[in-house]
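Novice: Contents of my_file38.pdb (PDB, C-alpha atoms) are below:
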```
MODEL        1
ATOM      1  CA  MET A   1       0.000   0.000   0.000
ATOM      2  CA  VAL A   2       2.778   2.414   0.931
ATOM      3  CA  ASP A   3       4.665   1.657  -2.280
ATOM      4  CA  THR A   4       1.593   2.460  -4.367
ATOM      5  CA  LEU A   5       1.050   5.683  -2.434
ATOM      6  CA  PHE A   6       4.715   6.617  -2.880
ATOM      7  CA  LEU A   7       4.539   6.026  -6.632
ATOM      8  CA  GLY A   8       1.346   8.090  -6.866
ATOM      9  CA  ILE A   9       2.894  11.009  -4.989
ATOM     10  CA  ALA A  10       6.100  10.707  -7.039
ATOM     11  CA  VAL A  11       4.169  10.810 -10.312
ATOM     12  CA  LEU A  12       2.101  13.781  -9.092
ATOM     13  CA  THR A  13       5.229  15.649  -8.001
ATOM     14  CA  ILE A  14       7.206  15.010 -11.181
ATOM     15  CA  VAL A  15       4.287  15.723 -13.522
ATOM     16  CA  SER A  16       3.419  18.970 -11.741
ATOM     17  CA  ALA A  17       7.107  20.002 -11.730
ATOM     18  CA  ILE A  18       7.314  19.449 -15.492
ATOM     19  CA  ALA A  19       4.011  21.295 -15.912
ATOM     20  CA  ALA A  20       5.360  24.204 -13.848
ATOM     21  CA  LEU A  21       8.294  24.463 -16.232
ATOM     22  CA  GLU A  22       6.392  23.961 -19.473
ATOM     23  CA  MET A  23       3.156  25.934 -18.953
ATOM     24  CA  ARG A  24       2.759  28.955 -21.186
ATOM     25  CA  SER A  25       0.590  30.737 -18.649
ATOM     26  CA  LEU A  26       2.499  31.909 -15.598
ATOM     27  CA  ILE A  27      -0.583  31.567 -13.401
ATOM     28  CA  TYR A  28      -1.028  27.887 -14.282
ATOM     29  CA  GLY A  29       2.722  27.383 -13.868
ATOM     30  CA  GLY A  30       2.491  28.828 -10.356
ATOM     31  CA  ILE A  31      -0.422  26.519  -9.545
ATOM     32  CA  ALA A  32       1.595  23.552 -10.852
ATOM     33  CA  LEU A  33       4.459  24.671  -8.599
ATOM     34  CA  MET A  34       2.054  24.547  -5.682
ATOM     35  CA  GLY A  35       1.219  20.950  -6.681
ATOM     36  CA  THR A  36       4.919  20.094  -6.739
ATOM     37  CA  LEU A  37       5.476  21.533  -3.280
ATOM     38  CA  GLY A  38       2.384  19.732  -2.021
ATOM     39  CA  GLY A  39       3.800  16.462  -3.371
ATOM     40  CA  ILE A  40       7.003  17.083  -1.431
ATOM     41  CA  ALA A  41       4.858  17.520   1.680
ATOM     42  CA  GLY A  42       3.308  14.139   0.848
ATOM     43  CA  PHE A  43       6.784  12.595   0.893
ATOM     44  CA  PHE A  44       7.346  14.015   4.368
ATOM     45  CA  ILE A  45       4.066  12.479   5.531
ATOM     46  CA  LEU A  46       5.210   9.115   4.169
ATOM     47  CA  LEU A  47       8.455   9.554   6.094
ATOM     48  CA  ASP A  48       6.353   9.897   9.276
ATOM     49  CA  SER A  49       7.321  13.523   9.714
ATOM     50  CA  PRO A  50       4.006  15.409   9.956
ATOM     51  CA  PHE A  51       5.481  18.569  11.459
ATOM     52  CA  VAL A  52       7.868  19.058   8.547
ATOM     53  CA  ALA A  53       5.030  18.275   6.111
ATOM     54  CA  LEU A  54       2.767  20.895   7.682
ATOM     55  CA  PHE A  55       5.649  23.367   7.738
ATOM     56  CA  GLN A  56       6.236  22.637   4.034
ATOM     57  CA  ILE A  57       2.577  23.302   3.270
ATOM     58  CA  ALA A  58       2.396  26.428   5.418
ATOM     59  CA  VAL A  59       5.634  28.050   4.288
ATOM     60  CA  TYR A  60       6.125  26.940   0.709
ATOM     61  CA  VAL A  61       2.624  26.246  -0.576
ATOM     62  CA  GLY A  62       0.882  28.768   1.629
ATOM     63  CA  SER A  63       3.357  31.615   1.489
ATOM     64  CA  ILE A  64       5.997  31.362  -1.197
ATOM     65  CA  ALA A  65       3.809  29.990  -3.983
ATOM     66  CA  VAL A  66       0.974  32.389  -3.165
ATOM     67  CA  LEU A  67       3.496  35.233  -3.124
ATOM     68  CA  ILE A  68       4.725  34.143  -6.553
ATOM     69  CA  LEU A  69       1.141  34.046  -7.843
ATOM     70  CA  PHE A  70       0.384  37.517  -6.467
ATOM     71  CA  THR A  71       3.596  38.864  -7.964
ATOM     72  CA  ILE A  72       2.761  37.360 -11.346
ATOM     73  CA  MET A  73      -0.734  38.810 -11.251
ATOM     74  CA  LEU A  74       0.394  42.248 -10.102
ATOM     75  CA  VAL A  75       3.497  42.847 -12.192
ATOM     76  CA  LYS A  76       3.149  43.400 -15.906
ATOM     77  CA  ARG A  77       3.996  40.336 -17.940
ATOM     78  CA  GLU A  78       6.441  42.068 -20.282
ATOM     79  CA  LEU A  79       8.562  43.094 -17.297
ATOM     80  CA  ILE A  80       9.070  39.497 -16.206
ATOM     81  CA  PHE A  81      10.537  37.967 -19.345
ATOM     82  CA  GLN A  82      10.314  37.888 -23.091
ATOM     83  CA  LYS A  83       9.327  34.591 -24.634
ATOM     84  CA  LYS A  84      11.772  32.830 -26.947
ATOM     85  CA  GLU A  85      10.664  29.786 -28.889
ATOM     86  CA  ASP A  86      13.486  27.321 -29.444
ATOM     87  CA  PRO A  87      12.682  23.592 -29.495
ATOM     88  CA  LYS A  88      16.353  22.708 -29.026
ATOM     89  CA  ARG A  89      16.319  24.365 -25.584
ATOM     90  CA  ARG A  90      13.334  22.270 -24.496
ATOM     91  CA  TYR A  91      14.944  18.974 -25.493
ATOM     92  CA  ALA A  92      18.272  20.025 -23.999
ATOM     93  CA  GLY A  93      16.531  20.868 -20.714
ATOM     94  CA  ILE A  94      14.678  17.549 -20.604
ATOM     95  CA  GLY A  95      17.902  15.676 -21.413
ATOM     96  CA  LEU A  96      19.819  17.537 -18.716
ATOM     97  CA  MET A  97      17.062  16.831 -16.203
ATOM     98  CA  LEU A  98      17.169  13.102 -16.997
ATOM     99  CA  ILE A  99      20.969  13.007 -16.705
ATOM    100  CA  ILE A 100      20.869  14.768 -13.328
ATOM    101  CA  MET A 101      18.054  12.541 -12.007
ATOM    102  CA  ILE A 102      19.815   9.340 -13.080
ATOM    103  CA  SER A 103      23.124  10.548 -11.620
ATOM    104  CA  LEU A 104      21.546  11.517  -8.309
ATOM    105  CA  GLY A 105      19.663   8.216  -8.180
ATOM    106  CA  ALA A 106      22.879   6.256  -8.771
ATOM    107  CA  VAL A 107      24.685   8.212  -6.061
ATOM    108  CA  ILE A 108      21.869   7.713  -3.556
ATOM    109  CA  PHE A 109      21.431   3.995  -4.275
ATOM    110  CA  ASN A 110      25.176   3.348  -4.013
ATOM    111  CA  SER A 111      25.699   5.496  -0.914
ATOM    112  CA  GLY A 112      24.618   2.897   1.631
ATOM    113  CA  LEU A 113      21.856   5.003   3.174
ATOM    114  CA  SER A 114      19.623   1.953   3.603
ATOM    115  CA  SER A 115      22.172   0.265   5.878
ATOM    116  CA  ILE A 116      22.407   3.142   8.346
ATOM    117  CA  THR A 117      20.957   2.376  11.771
ATOM    118  CA  THR A 118      20.731   4.591  14.802
ATOM    119  CA  GLU A 119      20.251   4.068  18.498
ATOM    120  CA  GLU A 120      18.824   7.537  19.101
ATOM    121  CA  PRO A 121      15.146   7.917  19.987
ATOM    122  CA  SER A 122      12.982   9.813  17.529
ATOM    123  CA  VAL A 123      12.312  13.483  18.186
ATOM    124  CA  ASP A 124       8.742  14.429  18.954
ATOM    125  CA  TYR A 125       7.371  17.059  16.547
ATOM    126  CA  ARG A 126       5.591  18.784  19.425
ATOM    127  CA  GLU A 127       8.989  19.607  20.940
ATOM    128  CA  ILE A 128      10.117  21.070  17.624
ATOM    129  CA  GLY A 129       6.961  23.187  17.480
ATOM    130  CA  GLU A 130       7.501  24.424  21.026
ATOM    131  CA  ASP A 131      11.095  25.341  20.165
ATOM    132  CA  PHE A 132       9.885  27.283  17.134
ATOM    133  CA  LEU A 133       7.391  29.239  19.187
ATOM    134  CA  THR A 134       9.639  29.882  22.180
ATOM    135  CA  TYR A 135      13.184  30.262  20.855
ATOM    136  CA  TYR A 136      12.907  30.916  17.134
ATOM    137  CA  TRP A 137       9.919  33.271  16.998
ATOM    138  CA  PRO A 138      12.064  36.259  15.920
ATOM    139  CA  ALA A 139      13.071  34.375  12.762
ATOM    140  CA  LEU A 140       9.399  33.671  12.016
ATOM    141  CA  VAL A 141       8.541  37.355  12.500
ATOM    142  CA  VAL A 142      11.392  38.421  10.203
ATOM    143  CA  MET A 143      10.198  35.913   7.594
ATOM    144  CA  ALA A 144       6.668  37.349   7.777
ATOM    145  CA  LEU A 145       8.029  40.887   7.394
ATOM    146  CA  VAL A 146      10.108  39.883   4.372
ATOM    147  CA  LEU A 147       7.079  38.272   2.722
ATOM    148  CA  SER A 148       4.849  41.279   3.412
ATOM    149  CA  SER A 149       7.488  43.714   2.140
ATOM    150  CA  SER A 150       7.817  41.603  -1.018
ATOM    151  CA  ILE A 151       4.117  41.856  -1.731
ATOM    152  CA  THR A 152       4.220  45.595  -0.997
ATOM    153  CA  GLY A 153       7.075  45.966  -3.475
ATOM    154  CA  ALA A 154       5.101  44.017  -6.071
ATOM    155  CA  MET A 155       2.127  46.323  -5.556
ATOM    156  CA  ILE A 156       4.356  49.375  -6.013
ATOM    157  CA  LEU A 157       5.779  47.891  -9.219
ATOM    158  CA  ALA A 158       2.274  47.160 -10.495
ATOM    159  CA  ARG A 159       1.065  50.715  -9.880
ATOM    160  CA  ARG A 160      -0.263  52.206 -13.098
ATOM    161  CA  HIS A 161       0.339  55.714 -14.292
ATOM    162  CA  ASP A 162      -2.613  56.865 -16.379
ATOM    163  CA  GLY A 163      -1.077  60.227 -17.233
ATOM    164  CA  VAL A 164      -3.280  62.115 -14.772
ATOM    165  CA  GLU A 165      -1.406  63.416 -11.783
ATOM    166  CA  ASP A 166      -3.580  64.534  -8.906
ATOM    167  CA  GLU A 167      -0.852  66.374  -7.041
ATOM    168  CA  GLN A 168      -0.065  68.972  -9.720
ATOM    169  CA  ARG A 169      -3.627  69.815 -10.627
ATOM    170  CA  THR A 170      -4.422  73.522 -10.737
ATOM    171  CA  ASP A 171      -7.962  74.750 -10.235
TER     172      ASP A 171
ENDMDL
END
```
In structure tokens, how does this file's structure come out?

Specialist:
Amino acid sequence: MVDTLFLGIAVLTIVSAIAALEMRSLIYGGIALMGTLGGIAGFFILLDSPFVALFQIAVYVGSIAVLILFTIMLVKRELIFQKKEDPKRRYAGIGLMLIIMISLGAVIFNSGLSSITTEEPSVDYREIGEDFLTYYWPALVVMALVLSSSITGAMILARRHDGVEDEQRTD
């Protein structure tokens, strides 16, 4: 059962990652990125690490991906990039991705990770959460301020000038 679930999450993650790269619409690409990050959270759930999975969903899916979507929607499209059609680049990118994935897979399978055993007890995720809220709360506040300043900067960049200036109007 777990193997089937792992394969399903792996297919979802890889397909949504490819979709995030290949979508012509930036909005749909951002939504596909959210699917990829959600699939990574699924891997953490399979690894019996629910705190990290919820942190992945809250920070990456809930904050970063939504921030990317807001930035895409607020900033003019021509400021982000100019589209170049070159089929050779697509095939080169897919080939490079396959080479990197096969290389990383070979390194991981030959590294001996499956033979590692430990005598240490597992860490309770409640303790990690308490540490975050008691000792590391300034880092969380700084992260929230950085995200809010990013969205404020995107709103300033998206501000439109219609040619009418209210400040220099003479009656």

Novice: Residues picked by the PyMOL selection byres ((chain A and resi 147) around 12) here, as a compact mmCIF listing (two decimals) with C-alpha atoms, in the coordinates of the input?

Specialist:
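The resulting file, result-v1.txt, is reproduced below:
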```txt
# COMPACT_ATOMS: atom_id res chain seq x y z
CA VAL A 59 5.63 28.05 4.29
CA TYR A 60 6.12 26.94 0.71
CA GLY A 62 0.88 28.77 1.63
CA SER A 63 3.36 31.62 1.49
CA ILE A 64 6.00 31.36 -1.20
CA ALA A 65 3.81 29.99 -3.98
CA VAL A 66 0.97 32.39 -3.16
CA LEU A 67 3.50 35.23 -3.12
CA ILE A 68 4.72 34.14 -6.55
CA PHE A 70 0.38 37.52 -6.47
CA THR A 71 3.60 38.86 -7.96
CA LEU A 140 9.40 33.67 12.02
CA VAL A 141 8.54 37.35 12.50
CA VAL A 142 11.39 38.42 10.20
CA MET A 143 10.20 35.91 7.59
CA ALA A 144 6.67 37.35 7.78
CA LEU A 145 8.03 40.89 7.39
CA VAL A 146 10.11 39.88 4.37
CA SER A 148 4.85 41.28 3.41
CA SER A 149 7.49 43.71 2.14
CA SER A 150 7.82 41.60 -1.02
CA ILE A 151 4.12 41.86 -1.73
CA THR A 152 4.22 45.60 -1.00
CA GLY A 153 7.08 45.97 -3.48
CA ALA A 154 5.10 44.02 -6.07
```

Novice: Excluding range 108-122 of chain A and its own-chain neighbours fewer than 6 positions away, which residues fall within 12 Å of it when counting all atoms listed in the file? Please give them as a PyMOL selection string.

Specialist: chain A and resi 48-49+101-102+128

Novice: As an exercise, work out the distance from CA of Phe43 in chain A to CA of Tyr125 in chain A in Å and give it to one decimal place.

Specialist: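 Rounded to one decimal, the two atoms are 16.3 Å apart.
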
Novice: Between CA of Gly105 in chain A and CA of Lys88 in chain A, measure the distance and give it in Å to one decimal.

Specialist: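 Atom-to-atom, CA of Gly105 in chain A to CA of Lys88 in chain A, that is 25.6 Å.
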
Novice: Rounded to one decimal in Å, what is the spacing between CA of Leu7 in chain A and CA of Val107 in chain A?

Specialist: 20.3 Å

Novice: Around all the atoms of range 66-73 of chain A listed in the file, draw an axis-aligned box and extend it by 6 Å on each of the six sides; I want its centre and edge lengths in Å to one decimal, as JSON.

Specialist:
```
{"center_x": 2.0, "center_y": 35.6, "center_z": -7.2, "size_x": 17.5, "size_y": 18.5, "size_z": 20.2}
```

Novice: Starting from the shown file, work through the PyMOL selection byres ((chain A and resi 32) around 8) and note down what comes out as a ChimeraX atom specification.

Specialist: /A:16-17,19-20,28-31,33-36
